[in-house]
>>> print(open('coords37.cif').read())   # mmCIF, C-alpha atoms
data_my_file
loop_
_atom_site.label_atom_id
_atom_site.label_comp_id
_atom_site.auth_asym_id
_atom_site.auth_seq_id
_atom_site.Cartn_x
_atom_site.Cartn_y
_atom_site.Cartn_z
CA GLY C 735 -1.68 8.34 -31.57
CA LEU C 736 -3.46 6.40 -28.86
CA LEU C 737 -3.16 2.65 -28.86
CA ASP C 738 -6.17 0.47 -29.49
CA PRO C 739 -6.89 -1.02 -26.02
CA ASP C 740 -7.73 -4.37 -27.63
CA ILE C 741 -4.39 -4.69 -29.36
CA LEU C 742 -1.24 -5.97 -27.72
CA VAL C 743 1.71 -3.93 -28.95
CA LEU C 744 5.27 -5.11 -28.51
CA ASP C 745 8.05 -2.57 -28.67
CA SER C 746 11.59 -3.35 -29.82
CA SER C 747 12.53 -4.67 -26.37
CA GLY C 748 9.61 -7.10 -26.30
CA PHE C 749 7.55 -5.26 -23.68
CA ALA C 750 3.78 -5.12 -24.05
CA THR C 751 1.94 -1.79 -24.02
CA LEU C 752 -1.69 -1.70 -22.91
CA GLU C 753 -4.21 1.11 -22.73
CA PHE C 754 -7.18 1.25 -20.35
CA SER C 755 -10.32 3.32 -20.20
CA SER C 756 -9.67 4.42 -16.62
CA TYR C 757 -6.99 4.55 -13.96
CA VAL C 758 -9.05 2.10 -11.88
CA ASP C 759 -8.92 -0.48 -14.66
CA ALA C 760 -5.17 0.00 -14.99
CA GLN C 761 -4.64 -0.57 -11.26
CA LEU C 762 -6.89 -3.63 -11.19
CA TYR C 763 -4.97 -5.07 -14.12
CA ILE C 764 -1.69 -4.54 -12.25
CA ILE C 765 -3.12 -6.27 -9.16
CA CYS C 766 -4.42 -9.17 -11.26
CA PHE C 767 -1.14 -9.49 -13.15
CA ASN C 768 1.09 -9.30 -10.06
CA LEU C 769 -0.96 -11.88 -8.16
CA GLY C 770 -0.40 -14.26 -11.04
CA LEU C 771 3.39 -13.96 -10.86
CA SER C 772 3.53 -16.50 -8.04
CA ASP C 773 1.70 -19.81 -7.80
CA TYR C 774 0.48 -18.94 -4.32
CA ARG C 775 -0.29 -15.19 -4.27
CA TRP C 776 -3.96 -15.62 -5.12
CA THR C 777 -4.42 -17.67 -1.92
CA GLU C 778 -4.24 -14.33 -0.09
CA TRP C 779 -7.33 -13.09 -1.92
CA VAL C 780 -9.68 -16.04 -2.38
CA ASP C 781 -13.18 -16.09 -0.91
CA PRO C 782 -12.82 -18.18 2.30
CA ASN C 783 -16.55 -18.99 2.23
CA ARG C 784 -16.21 -20.68 -1.16
CA SER C 785 -12.70 -22.04 -1.06
CA TYR C 786 -12.46 -24.21 2.05
CA ASN C 787 -13.04 -27.92 1.48
CA GLU C 788 -13.90 -29.51 4.85
CA THR C 789 -13.61 -33.05 3.49
CA ASP C 790 -10.03 -32.65 2.32
CA ASN C 791 -9.15 -29.88 4.81
CA VAL C 792 -7.67 -27.79 2.00
CA TYR C 793 -8.45 -24.58 0.18
CA LYS C 794 -9.72 -24.86 -3.38
CA VAL C 795 -8.65 -21.80 -5.34
CA ASP C 796 -11.00 -20.92 -8.21
CA ILE C 797 -10.94 -17.17 -8.72
CA CYS C 798 -13.39 -17.30 -11.63
CA GLU C 799 -15.95 -18.93 -9.32
CA ASP C 800 -15.25 -16.30 -6.66
CA LEU C 801 -15.77 -13.55 -9.24
CA GLY C 802 -18.90 -15.17 -10.66
CA ILE C 803 -17.53 -15.43 -14.19
CA ASP C 804 -17.10 -18.31 -16.64
CA SER C 805 -14.17 -20.62 -15.91
CA LYS C 806 -12.86 -20.09 -19.46
CA TYR C 807 -11.37 -16.81 -18.27
CA CYS C 808 -9.12 -18.66 -15.82
CA TYR C 809 -6.29 -21.12 -16.31
CA ARG C 810 -4.81 -23.74 -14.00
CA ASN C 811 -1.38 -22.75 -12.68
CA ASN C 812 1.49 -25.02 -11.64
CA VAL C 813 -0.10 -26.00 -8.32
CA GLY C 814 -3.59 -26.54 -9.72
CA TYR C 815 -5.21 -23.23 -8.79
CA LEU C 816 -7.62 -21.64 -11.26
CA ILE C 817 -6.52 -18.02 -11.59
CA PRO C 818 -7.54 -15.25 -14.03
CA ASN C 819 -5.87 -14.81 -17.40
CA CYS C 820 -5.61 -11.08 -16.88
CA TYR C 821 -4.78 -10.11 -20.44
CA THR C 822 -6.94 -12.26 -22.70
CA GLY C 823 -9.93 -12.02 -20.36
CA LYS C 824 -9.47 -8.49 -19.13
CA ASP C 825 -12.73 -7.18 -20.61
CA VAL C 826 -14.65 -9.58 -18.35
CA ILE C 827 -12.21 -9.98 -15.44
CA LEU C 828 -11.63 -6.28 -14.73
CA PRO C 829 -15.35 -5.39 -14.39
CA ALA C 830 -15.78 -8.45 -12.14
CA LEU C 831 -12.84 -7.36 -9.96
CA LYS C 832 -14.25 -3.84 -9.82
CA SER C 833 -17.64 -5.13 -8.64
CA VAL C 834 -16.09 -6.87 -5.62
CA ALA C 835 -13.37 -4.28 -4.93
CA ILE C 836 -15.94 -1.49 -4.48
CA LYS C 837 -17.58 -3.31 -1.56
CA PRO C 838 -15.66 -2.79 1.72
CA GLN C 839 -16.82 -6.07 3.26
CA SER C 840 -16.34 -8.24 0.18
CA TRP C 841 -13.85 -11.13 0.22
CA PHE C 842 -11.58 -9.08 -2.07
CA ASN C 843 -11.04 -6.51 0.70
CA ARG C 844 -10.77 -8.90 3.63
CA PRO C 845 -7.91 -11.20 4.67
CA GLY C 846 -7.98 -14.50 2.81
CA PRO C 847 -6.65 -17.81 4.15
CA GLY C 848 -3.17 -17.08 2.81
CA ARG C 849 -3.03 -13.41 3.89
CA PRO C 850 -1.03 -14.02 7.12
CA GLY C 851 2.00 -14.47 4.87
CA ASP C 852 1.88 -10.71 4.29
CA ASN C 853 2.58 -10.12 7.98
CA ARG C 854 5.61 -12.40 7.84
CA VAL C 855 7.02 -10.34 4.99
CA ARG C 856 6.54 -7.13 6.93
CA THR C 857 8.62 -8.43 9.83
CA THR C 858 11.68 -8.67 7.56
CA TRP C 859 11.21 -5.57 5.37
CA THR C 860 12.67 -2.55 7.13
CA GLY C 861 10.91 0.04 4.95
CA GLY C 862 11.57 3.70 4.24
CA LEU C 863 12.65 6.85 6.03
CA LEU C 864 12.10 10.49 5.04
CA TYR C 865 14.29 13.40 6.03
CA GLY C 866 14.63 17.05 5.05
CA ARG C 867 17.41 19.61 5.06
CA VAL C 868 20.28 18.64 7.38
CA ASP C 869 23.82 19.90 7.92
CA PRO C 870 26.61 18.50 5.70
CA ASP C 871 28.34 16.80 8.62
CA VAL C 872 25.10 14.91 9.37
CA LEU C 873 24.88 13.83 5.73
CA LEU C 874 28.48 12.64 5.82
CA GLU C 875 27.87 10.59 8.94
CA MET C 876 24.80 9.02 7.31
CA ALA C 877 26.77 8.29 4.15
CA ASN C 878 29.41 6.49 6.20
CA VAL C 879 26.70 4.11 7.41
CA GLY C 880 25.61 3.51 3.83
CA VAL C 881 22.20 4.49 2.48
CA SER C 882 20.06 3.78 -0.56
CA ILE C 883 18.26 6.89 -1.76
CA GLY C 884 14.93 5.93 -3.28
CA HIS C 885 13.54 9.34 -4.31
CA PHE C 886 14.22 13.06 -4.15
CA ALA C 887 11.25 15.44 -3.85
CA ARG C 888 11.75 18.73 -5.65
CA GLY C 889 9.85 21.50 -7.35
CA ALA C 890 6.15 22.17 -6.88
CA PRO C 891 5.42 19.42 -4.29
CA THR C 892 7.76 21.10 -1.82
CA LEU C 893 5.85 24.40 -2.09
CA VAL C 894 2.65 22.90 -0.65
CA GLY C 895 2.11 23.30 3.08
CA ARG C 896 2.05 20.29 5.40
CA ASP C 897 -1.59 20.92 6.34
CA GLU C 898 -2.90 21.77 2.87
CA THR C 899 -3.31 18.12 1.83
CA ALA C 900 -3.34 14.71 3.52
CA TYR C 901 0.38 14.22 2.80
CA VAL C 902 2.48 15.68 5.61
CA GLY C 903 6.04 15.10 4.33
CA ARG C 904 6.37 18.34 2.36
CA GLU C 905 9.61 19.35 4.04
CA GLU C 906 11.22 15.92 3.93
CA TYR C 907 12.83 15.88 0.50
CA THR C 908 14.71 12.58 0.53
CA LEU C 909 13.45 9.02 0.86
CA LEU C 910 15.85 6.34 2.05
CA ASP C 911 14.89 2.79 1.14
CA PHE C 912 15.90 -0.02 3.51
CA CYS C 913 15.31 -3.52 2.23
CA CYS C 914 15.35 -6.58 4.40
CA GLY C 915 17.44 -8.62 6.78
CA GLN C 916 19.33 -7.81 9.97
CA ALA C 917 21.98 -5.67 8.24
CA SER C 918 19.26 -3.42 6.80
CA LYS C 919 17.57 -3.07 10.18
CA GLU C 920 20.90 -2.13 11.77
CA SER C 921 21.47 0.52 9.07
CA TYR C 922 17.98 1.93 9.69
CA ASP C 923 18.62 2.10 13.44
CA SER C 924 21.97 3.83 12.86
CA ILE C 925 20.51 6.41 10.48
CA THR C 926 17.55 7.23 12.74
CA SER C 927 19.92 7.58 15.69
CA ILE C 928 22.04 10.07 13.74
CA LEU C 929 18.97 12.09 12.69
CA VAL C 930 17.45 12.15 16.18
CA ASN C 931 20.68 13.08 17.97
CA LYS C 932 22.38 15.30 15.39
CA ALA C 933 19.45 16.94 13.55
CA TYR C 934 16.31 16.67 15.70
CA ASP C 935 17.65 17.68 19.14
CA GLY C 936 16.87 14.26 20.58
CA ASP C 937 13.20 14.37 19.54
CA ALA C 938 12.36 11.02 17.91
CA SER C 939 8.81 12.20 17.15
CA LYS C 940 10.28 14.24 14.28
CA LEU C 941 11.17 11.07 12.36
CA ARG C 942 9.00 10.58 9.29
CA GLY C 943 8.19 7.48 7.28
CA PHE C 944 6.71 7.16 3.81
CA TYR C 945 3.50 5.12 3.72
CA ASN C 946 4.32 3.41 0.42
CA TYR C 947 7.42 1.99 2.15
CA LEU C 948 5.86 0.64 5.33
CA ASN C 949 8.22 -0.15 8.16
CA ILE C 950 8.21 -3.12 10.48
CA GLU C 951 5.14 -3.27 12.71
CA GLY C 952 5.68 -2.34 16.34
CA ASN C 953 6.33 1.41 16.08
CA ARG C 954 4.04 2.82 18.77
CA ASN C 955 4.41 6.27 17.23
CA TRP C 956 3.26 5.17 13.74
CA ARG C 957 0.43 7.72 13.56
CA ASP C 958 2.85 10.65 13.79
CA TYR C 959 5.54 8.78 11.88
CA TYR C 960 3.38 8.48 8.74
CA PHE C 961 0.74 11.20 9.11
CA GLY C 962 2.09 13.83 11.52
CA ASP C 963 -0.32 16.54 12.68
CA ASN C 964 -2.75 15.58 9.90
CA TYR C 965 -3.74 12.34 11.59
CA GLU C 966 -6.66 13.77 13.60
CA ARG C 967 -8.29 15.36 10.54
CA LEU C 968 -7.71 12.23 8.46
CA SER C 969 -9.33 10.20 11.21
CA VAL C 970 -12.45 12.34 11.05
CA VAL C 971 -12.63 11.95 7.27
CA LYS C 972 -12.08 8.20 7.64
CA ALA C 973 -15.10 8.01 9.95
CA MET C 974 -17.25 9.74 7.34
CA TYR C 975 -16.52 7.23 4.59
CA ASP C 976 -15.52 4.06 6.45
CA GLU C 977 -16.91 4.35 9.96
CA THR C 978 -16.76 0.58 10.54
CA ASN C 979 -13.13 0.40 9.37
CA GLY C 980 -14.07 -2.05 6.62
CA PHE C 981 -10.91 -1.18 4.69
CA GLY C 982 -8.77 -1.11 7.82
CA ASN C 983 -5.45 -2.75 8.53
CA SER C 984 -2.96 -2.54 11.36
CA LEU C 985 -1.16 0.57 10.09
CA GLN C 986 -4.01 2.56 8.58
CA VAL C 987 -5.77 5.71 9.76
CA GLU C 988 -8.47 4.65 12.21
CA PRO C 989 -11.95 6.19 12.12
CA ALA C 990 -12.63 8.82 14.75
CA PRO C 991 -15.40 8.05 17.28
CA LEU C 992 -18.75 8.09 15.49
CA SER C 993 -19.90 11.03 17.59
CA SER C 994 -17.03 13.16 16.33
CA LYS C 995 -17.80 15.26 13.28
CA SER C 996 -15.28 18.04 13.77
CA GLY C 997 -11.59 18.56 13.35
CA LYS C 998 -8.91 21.22 12.98
CA GLY C 999 -8.73 23.14 9.71
CA PRO C 1000 -5.44 24.11 7.99
CA ASN C 1001 -5.12 27.25 10.13
CA GLY C 1002 -6.15 25.64 13.40
CA GLU C 1003 -9.79 26.65 13.08
CA GLU C 1004 -12.54 24.27 14.19
CA THR C 1005 -14.11 22.56 11.19
CA ILE C 1006 -17.52 20.86 11.18
CA PHE C 1007 -18.04 18.05 8.66
CA ASP C 1008 -21.58 17.64 7.41
#
>>> encode(input="coords37.cif", output="C-alpha coordinates")
Amino acid sequence: GLLDPDILVLDSSGFATLEFSSYVDAQLYIICFNLGLSDYRWTEWVDPNRSYNETDNVYKVDICEDLGIDSKYCYRNNVGYLIPNCYTGKDVILPALKSVAIKPQSWFNRPGPGRPGDNRVRTTWTGGLLYGRVDPDVLLEMANVGVSIGHFARGAPTLVGRDETAYVGREEYTLLDFCCGQASKESYDSITSILVNKAYDGDASKLRGFYNYLNIEGNRNWRDYYFGDNYERLSVVKAMYDETNGFGNSLQVEPAPLSSKSGKGPNGEETIFD
(Lines of atoms letter the chains of each structure in order from A and count residues from 1; the text may use other names and numbers.)
(Lines give C-alpha, C1' and ligand atoms only; values in the text may rest on other atoms or scores of the structure.)
Protein backbone atom coordinates (compact mmCIF):
# COMPACT_ATOMS: atom_id res chain seq x y z
CA GLY A 1 0.00 0.00 0.00
CA LEU A 2 0.92 3.66 -0.09
CA LEU A 3 3.27 4.97 2.54
CA ASP A 4 2.10 7.47 5.10
CA PRO A 5 3.84 10.72 3.97
CA ASP A 6 4.50 11.64 7.61
CA ILE A 7 6.37 8.44 8.37
CA LEU A 8 10.02 7.87 7.59
CA VAL A 9 10.47 4.30 6.39
CA LEU A 10 13.87 2.65 6.26
CA ASP A 11 14.35 -0.33 4.02
CA SER A 12 16.86 -3.12 4.66
CA SER A 13 19.68 -1.07 3.12
CA GLY A 14 19.00 1.91 5.37
CA PHE A 15 17.53 4.18 2.69
CA ALA A 16 14.61 6.43 3.56
CA THR A 17 11.41 6.34 1.50
CA LEU A 18 9.21 9.43 1.38
CA GLU A 19 5.88 10.11 -0.28
CA PHE A 20 4.64 13.52 -1.40
CA SER A 21 1.26 14.89 -2.39
CA SER A 22 2.56 16.24 -5.70
CA TYR A 23 5.48 16.04 -8.09
CA VAL A 24 6.24 19.70 -7.34
CA ASP A 25 6.68 18.92 -3.65
CA ALA A 26 8.96 16.01 -4.49
CA GLN A 27 11.16 18.20 -6.69
CA LEU A 28 11.32 20.98 -4.11
CA TYR A 29 12.33 18.46 -1.48
CA ILE A 30 15.13 17.20 -3.74
CA ILE A 31 16.35 20.78 -4.30
CA CYS A 32 16.22 21.52 -0.57
CA PHE A 33 17.99 18.27 0.30
CA ASN A 34 20.72 18.62 -2.33
CA LEU A 35 21.49 22.21 -1.37
CA GLY A 36 22.08 21.01 2.17
CA LEU A 37 24.70 18.45 1.11
CA SER A 38 27.39 21.13 1.01
CA ASP A 39 28.06 23.85 3.57
CA TYR A 40 28.10 26.47 0.83
CA ARG A 41 25.43 25.51 -1.74
CA TRP A 42 22.70 27.63 -0.15
CA THR A 43 24.84 30.75 -0.75
CA GLU A 44 23.81 30.41 -4.40
CA TRP A 45 20.15 30.86 -3.47
CA VAL A 46 19.95 33.34 -0.60
CA ASP A 47 18.08 36.62 -0.89
CA PRO A 48 20.81 39.22 -1.61
CA ASN A 49 18.59 42.01 -0.28
CA ARG A 50 18.42 40.36 3.15
CA SER A 51 21.74 38.61 3.38
CA TYR A 52 24.41 41.26 2.80
CA ASN A 53 25.88 42.79 5.95
CA GLU A 54 27.52 46.10 5.00
CA THR A 55 29.20 46.49 8.39
CA ASP A 56 31.06 43.20 8.21
CA ASN A 57 31.12 43.03 4.39
CA VAL A 58 29.85 39.45 4.49
CA TYR A 59 26.73 37.54 3.56
CA LYS A 60 24.54 36.30 6.39
CA VAL A 61 22.78 33.14 5.31
CA ASP A 62 19.43 32.58 7.06
CA ILE A 63 17.13 30.71 4.71
CA CYS A 64 14.28 30.59 7.22
CA GLU A 65 14.31 34.40 7.32
CA ASP A 66 14.39 34.53 3.52
CA LEU A 67 11.40 32.16 3.38
CA GLY A 68 9.51 34.03 6.09
CA ILE A 69 9.22 31.03 8.38
CA ASP A 70 10.17 30.38 12.01
CA SER A 71 13.88 29.79 12.61
CA LYS A 72 13.08 26.50 14.37
CA TYR A 73 12.76 24.91 10.93
CA CYS A 74 16.42 25.67 10.19
CA TYR A 75 19.64 24.46 11.73
CA ARG A 76 23.13 25.95 11.78
CA ASN A 77 25.55 24.07 9.54
CA ASN A 78 29.32 23.71 9.92
CA VAL A 79 30.08 27.23 8.69
CA GLY A 80 27.33 28.92 10.69
CA TYR A 81 24.66 29.25 7.99
CA LEU A 82 21.02 28.70 8.98
CA ILE A 83 19.62 26.29 6.39
CA PRO A 84 16.33 24.35 6.24
CA ASN A 85 15.91 20.96 7.87
CA CYS A 86 14.19 19.59 4.80
CA TYR A 87 12.79 16.43 6.34
CA THR A 88 11.55 17.36 9.80
CA GLY A 89 10.22 20.72 8.63
CA LYS A 90 9.03 19.75 5.19
CA ASP A 91 5.35 20.49 5.87
CA VAL A 92 6.27 24.16 6.44
CA ILE A 93 9.41 24.48 4.31
CA LEU A 94 8.01 23.04 1.07
CA PRO A 95 4.98 25.39 0.91
CA ALA A 96 7.32 28.31 1.67
CA LEU A 97 9.69 27.26 -1.13
CA LYS A 98 6.73 26.87 -3.47
CA SER A 99 5.52 30.40 -2.69
CA VAL A 100 8.83 31.94 -3.78
CA ALA A 101 9.59 29.49 -6.61
CA ILE A 102 6.34 30.37 -8.42
CA LYS A 103 7.39 34.03 -8.77
CA PRO A 104 9.79 34.55 -11.71
CA GLN A 105 11.44 37.62 -10.17
CA SER A 106 11.78 36.26 -6.64
CA TRP A 107 15.23 35.77 -5.07
CA PHE A 108 14.76 32.00 -5.43
CA ASN A 109 14.81 32.32 -9.24
CA ARG A 110 17.54 34.93 -9.54
CA PRO A 111 21.31 34.58 -9.14
CA GLY A 112 22.39 34.80 -5.51
CA PRO A 113 25.78 36.07 -4.30
CA GLY A 114 27.31 32.61 -4.58
CA ARG A 115 25.75 31.71 -7.97
CA PRO A 116 28.84 32.62 -10.08
CA GLY A 117 30.36 29.36 -8.82
CA ASP A 118 27.90 27.57 -11.10
CA ASN A 119 29.55 29.15 -14.14
CA ARG A 120 32.96 27.95 -12.99
CA VAL A 121 31.65 24.40 -12.82
CA ARG A 122 30.26 24.64 -16.33
CA THR A 123 33.66 25.56 -17.74
CA THR A 124 35.06 22.19 -16.62
CA TRP A 125 32.09 19.90 -17.29
CA THR A 126 32.12 18.79 -20.91
CA GLY A 127 28.50 17.58 -20.97
CA GLY A 128 26.60 15.22 -23.24
CA LEU A 129 26.31 14.34 -26.90
CA LEU A 130 23.44 12.62 -28.74
CA TYR A 131 23.75 10.58 -31.90
CA GLY A 132 21.52 8.28 -33.93
CA ARG A 133 22.06 5.39 -36.30
CA VAL A 134 25.60 5.29 -37.71
CA ASP A 135 27.64 2.74 -39.65
CA PRO A 136 29.53 0.04 -37.69
CA ASP A 137 32.92 1.39 -38.76
CA VAL A 138 31.98 4.79 -37.29
CA LEU A 139 30.96 3.12 -34.03
CA LEU A 140 34.25 1.23 -33.93
CA GLU A 141 36.25 4.41 -34.43
CA MET A 142 34.28 6.09 -31.64
CA ALA A 143 34.84 3.10 -29.36
CA ASN A 144 38.58 3.32 -29.96
CA VAL A 145 38.48 6.85 -28.55
CA GLY A 146 36.60 5.60 -25.50
CA VAL A 147 33.06 6.66 -24.64
CA SER A 148 30.69 6.49 -21.69
CA ILE A 149 27.15 5.70 -22.78
CA GLY A 150 24.70 7.39 -20.43
CA HIS A 151 21.35 6.30 -21.92
CA PHE A 152 19.77 4.45 -24.82
CA ALA A 153 16.42 5.67 -26.16
CA ARG A 154 14.17 2.88 -27.40
CA GLY A 155 10.55 1.99 -27.88
CA ALA A 156 7.72 4.50 -27.97
CA PRO A 157 9.80 7.70 -27.60
CA THR A 158 11.52 6.99 -30.91
CA LEU A 159 8.17 6.77 -32.72
CA VAL A 160 7.31 10.42 -32.01
CA GLY A 161 8.21 12.95 -34.70
CA ARG A 162 10.81 15.63 -34.09
CA ASP A 163 8.23 18.41 -34.47
CA GLU A 164 5.41 16.80 -32.51
CA THR A 165 6.77 17.90 -29.11
CA ALA A 166 9.37 20.35 -27.80
CA TYR A 167 12.02 17.60 -27.68
CA VAL A 168 13.83 17.34 -31.00
CA GLY A 169 16.19 14.39 -30.41
CA ARG A 170 13.79 11.63 -31.47
CA GLU A 171 16.21 10.10 -33.95
CA GLU A 172 19.27 10.33 -31.71
CA TYR A 173 19.06 7.13 -29.69
CA THR A 174 22.30 7.22 -27.71
CA LEU A 175 23.55 9.71 -25.13
CA LEU A 176 27.28 9.92 -24.48
CA ASP A 177 28.24 11.43 -21.14
CA PHE A 178 31.53 13.35 -20.91
CA CYS A 179 32.58 14.37 -17.43
CA CYS A 180 35.23 16.92 -16.70
CA GLY A 181 38.85 17.82 -17.24
CA GLN A 182 41.03 18.20 -20.32
CA ALA A 183 41.00 14.49 -21.20
CA SER A 184 37.20 14.51 -21.32
CA LYS A 185 37.15 17.61 -23.52
CA GLU A 186 39.64 15.98 -25.89
CA SER A 187 37.45 12.85 -26.09
CA TYR A 188 34.40 15.00 -26.85
CA ASP A 189 36.28 16.84 -29.61
CA SER A 190 37.46 13.53 -31.11
CA ILE A 191 33.98 11.99 -31.07
CA THR A 192 32.32 15.06 -32.61
CA SER A 193 35.01 15.15 -35.29
CA ILE A 194 34.31 11.51 -36.17
CA LEU A 195 30.54 12.11 -36.33
CA VAL A 196 30.83 15.27 -38.43
CA ASN A 197 33.34 13.85 -40.91
CA LYS A 198 32.24 10.20 -41.09
CA ALA A 199 28.46 10.36 -40.47
CA TYR A 200 27.24 13.92 -41.13
CA ASP A 201 29.02 14.75 -44.42
CA GLY A 202 30.99 17.54 -42.78
CA ASP A 203 27.88 19.33 -41.46
CA ALA A 204 28.53 20.23 -37.81
CA SER A 205 25.01 21.66 -37.47
CA LYS A 206 23.74 18.07 -37.28
CA LEU A 207 25.40 17.56 -33.89
CA ARG A 208 22.89 17.30 -31.07
CA GLY A 209 23.27 17.85 -27.34
CA PHE A 210 20.98 16.82 -24.50
CA TYR A 211 19.81 19.74 -22.37
CA ASN A 212 20.03 17.83 -19.09
CA TYR A 213 23.76 17.39 -19.81
CA LEU A 214 24.70 20.96 -20.69
CA ASN A 215 27.99 21.45 -22.48
CA ILE A 216 30.60 24.10 -21.90
CA GLU A 217 29.40 27.61 -22.71
CA GLY A 218 30.72 29.13 -25.91
CA ASN A 219 28.95 27.02 -28.55
CA ARG A 220 27.59 29.65 -30.92
CA ASN A 221 25.27 27.06 -32.44
CA TRP A 222 23.66 26.11 -29.08
CA ARG A 223 20.11 26.87 -30.25
CA ASP A 224 20.26 24.20 -32.96
CA TYR A 225 22.48 21.96 -30.85
CA TYR A 226 19.84 21.59 -28.12
CA PHE A 227 16.55 22.48 -29.81
CA GLY A 228 16.99 22.03 -33.58
CA ASP A 229 14.20 23.27 -35.83
CA ASN A 230 11.87 23.56 -32.82
CA TYR A 231 13.70 26.59 -31.44
CA GLU A 232 11.60 29.21 -33.26
CA ARG A 233 8.30 27.76 -32.03
CA LEU A 234 9.66 27.35 -28.51
CA SER A 235 10.76 30.97 -28.58
CA VAL A 236 7.24 32.10 -29.42
CA VAL A 237 5.81 30.02 -26.57
CA LYS A 238 8.49 31.40 -24.24
CA ALA A 239 7.37 34.94 -25.07
CA MET A 240 3.79 34.07 -24.15
CA TYR A 241 4.63 32.88 -20.64
CA ASP A 242 7.90 34.64 -19.82
CA GLU A 243 8.16 37.64 -22.11
CA THR A 244 10.65 39.42 -19.83
CA ASN A 245 12.88 36.33 -19.61
CA GLY A 246 12.49 36.24 -15.83
CA PHE A 247 13.47 32.57 -15.76
CA GLY A 248 16.23 33.04 -18.32
CA ASN A 249 19.83 31.91 -18.25
CA SER A 250 22.64 31.92 -20.77
CA LEU A 251 21.64 28.66 -22.49
CA GLN A 252 17.86 28.84 -22.37
CA VAL A 253 15.28 29.48 -25.07
CA GLU A 254 14.94 33.25 -25.45
CA PRO A 255 11.54 34.91 -25.83
CA ALA A 256 10.62 35.94 -29.34
CA PRO A 257 10.09 39.67 -29.96
CA LEU A 258 6.95 40.80 -28.15
CA SER A 259 5.30 41.69 -31.45
CA SER A 260 5.63 38.12 -32.68
CA LYS A 261 2.66 35.90 -31.99
CA SER A 262 3.07 33.39 -34.79
CA GLY A 263 5.25 30.44 -35.58
CA LYS A 264 5.50 27.34 -37.75
CA GLY A 265 3.22 24.41 -36.97
CA PRO A 266 4.32 20.74 -37.13
CA ASN A 267 3.63 20.59 -40.87
CA GLY A 268 5.13 23.96 -41.73
CA GLU A 269 1.82 25.80 -41.54
CA GLU A 270 1.65 29.29 -40.05
CA THR A 271 0.29 29.18 -36.51
CA ILE A 272 -1.18 32.14 -34.64
CA PHE A 273 -0.97 32.06 -30.84
CA ASP A 274 -3.78 33.84 -29.03
>>> atom_distance(input="coords37.cif", atom1="CA of Phe842 (chain C)", atom2="CA of Ile803 (chain C)")
14.9 Å
>>> atom_distance(input="coords37.cif", atom1="CA of His885 (chain C)", atom2="CA of Leu909 (chain C)")
5.2 Å
>>> resolve_selection(input="coords37.cif", expression="the PyMOL selection byres ((chain C and resi 797) around 9)", output="PyMOL selection string")
chain C and resi 776+779-781+795-796+798-803+805+808+815-818
>>> resolve_selection(input="coords37.cif", expression="the PyMOL selection byres ((chain C and resi 975-986) around 8)", output="ChimeraX atom specification")
/C:838-839,843-844,951,956,971-974,987-990,992
>>> closest_residue(input="coords37.cif", among="C:Asn768, C:Asn955, C:Thr822, C:Thr777", to="Leu752 (chain C)", atoms="only C-alpha atoms")
C:Thr822
>>> atom_distance(input="coords37.cif", atom1="CA of Ala887 (chain C)", atom2="CA of Ile950 (chain C)")
23.6 Å
>>> residues_around(input="coords37.cif", residues="region 925-930 of chain C", least_positions_apart="2", cutoff="12 Å", atoms="all atoms listed in the file", output="PyMOL selection string")
chain C and resi 862-869+871-882+910-912+918-923+932-943
>>> residues_around(input="coords37.cif", residues="Asp963 (chain C)", least_positions_apart="5", cutoff="10 Å", atoms="all atoms listed in the file", output="list of chain:residue names")
C:Arg896, C:Asp897, C:Ala900, C:Val902, C:Arg957, C:Asp958, C:Leu968, C:Lys998
>>> residues_around(input="coords37.cif", residues="Tyr763 (chain C)", least_positions_apart="2", cutoff="9 Å", atoms="all atoms listed in the file", output="count of residues only")
13
>>> closest_residue(input="coords37.cif", among="C:Pro991, C:Asn953, C:Gly889, C:Ile764", to="Glu966 (chain C)", atoms="all atoms listed in the file")
C:Pro991
>>> closest_residue(input="coords37.cif", among="C:Ser756, C:Asn819, C:Asn811, C:Asn964", to="Thr899 (chain C)", atoms="all atoms listed in the file")
C:Asn964
>>> build_atoms(input="coords37.cif", residues="region 794-809 of chain C", atoms="N, CA and C atoms", output="short mmCIF file (atom, residue, chain, number, x, y, z; two decimals), in the frame of the given file")
data_model
loop_
_atom_site.label_atom_id
_atom_site.label_comp_id
_atom_site.auth_asym_id
_atom_site.auth_seq_id
_atom_site.Cartn_x
_atom_site.Cartn_y
_atom_site.Cartn_z
N LYS C 794 -9.59 -24.74 -1.94
CA LYS C 794 -9.72 -24.86 -3.38
C LYS C 794 -9.71 -23.44 -3.94
N VAL C 795 -8.77 -23.15 -4.79
CA VAL C 795 -8.65 -21.80 -5.34
C VAL C 795 -9.23 -21.78 -6.75
N ASP C 796 -10.36 -21.11 -6.91
CA ASP C 796 -11.00 -20.92 -8.21
C ASP C 796 -11.49 -19.49 -8.25
N ILE C 797 -10.64 -18.60 -8.75
CA ILE C 797 -10.94 -17.17 -8.72
C ILE C 797 -12.11 -16.84 -9.64
N CYS C 798 -12.25 -17.55 -10.74
CA CYS C 798 -13.39 -17.30 -11.63
C CYS C 798 -14.70 -17.58 -10.90
N GLU C 799 -14.74 -18.64 -10.10
CA GLU C 799 -15.95 -18.93 -9.32
C GLU C 799 -16.19 -17.82 -8.30
N ASP C 800 -15.11 -17.38 -7.64
CA ASP C 800 -15.25 -16.30 -6.66
C ASP C 800 -15.78 -15.02 -7.30
N LEU C 801 -15.36 -14.76 -8.54
CA LEU C 801 -15.77 -13.55 -9.24
C LEU C 801 -17.13 -13.70 -9.93
N GLY C 802 -17.62 -14.94 -10.00
CA GLY C 802 -18.90 -15.17 -10.66
C GLY C 802 -18.82 -15.08 -12.17
N ILE C 803 -17.68 -15.47 -12.74
CA ILE C 803 -17.53 -15.43 -14.19
C ILE C 803 -17.20 -16.82 -14.71
N ASP C 804 -17.33 -17.01 -16.02
CA ASP C 804 -17.10 -18.31 -16.64
C ASP C 804 -15.66 -18.77 -16.42
N SER C 805 -15.49 -20.07 -16.19
CA SER C 805 -14.17 -20.62 -15.91
C SER C 805 -13.21 -20.51 -17.10
N LYS C 806 -13.73 -20.22 -18.30
CA LYS C 806 -12.86 -20.09 -19.46
C LYS C 806 -11.92 -18.89 -19.35
N TYR C 807 -12.22 -17.98 -18.44
CA TYR C 807 -11.37 -16.81 -18.27
C TYR C 807 -10.24 -17.07 -17.27
N CYS C 808 -10.18 -18.28 -16.73
CA CYS C 808 -9.12 -18.66 -15.82
C CYS C 808 -8.29 -19.79 -16.43
N TYR C 809 -7.11 -19.98 -15.90
CA TYR C 809 -6.29 -21.12 -16.31
C TYR C 809 -5.72 -21.76 -15.04
#
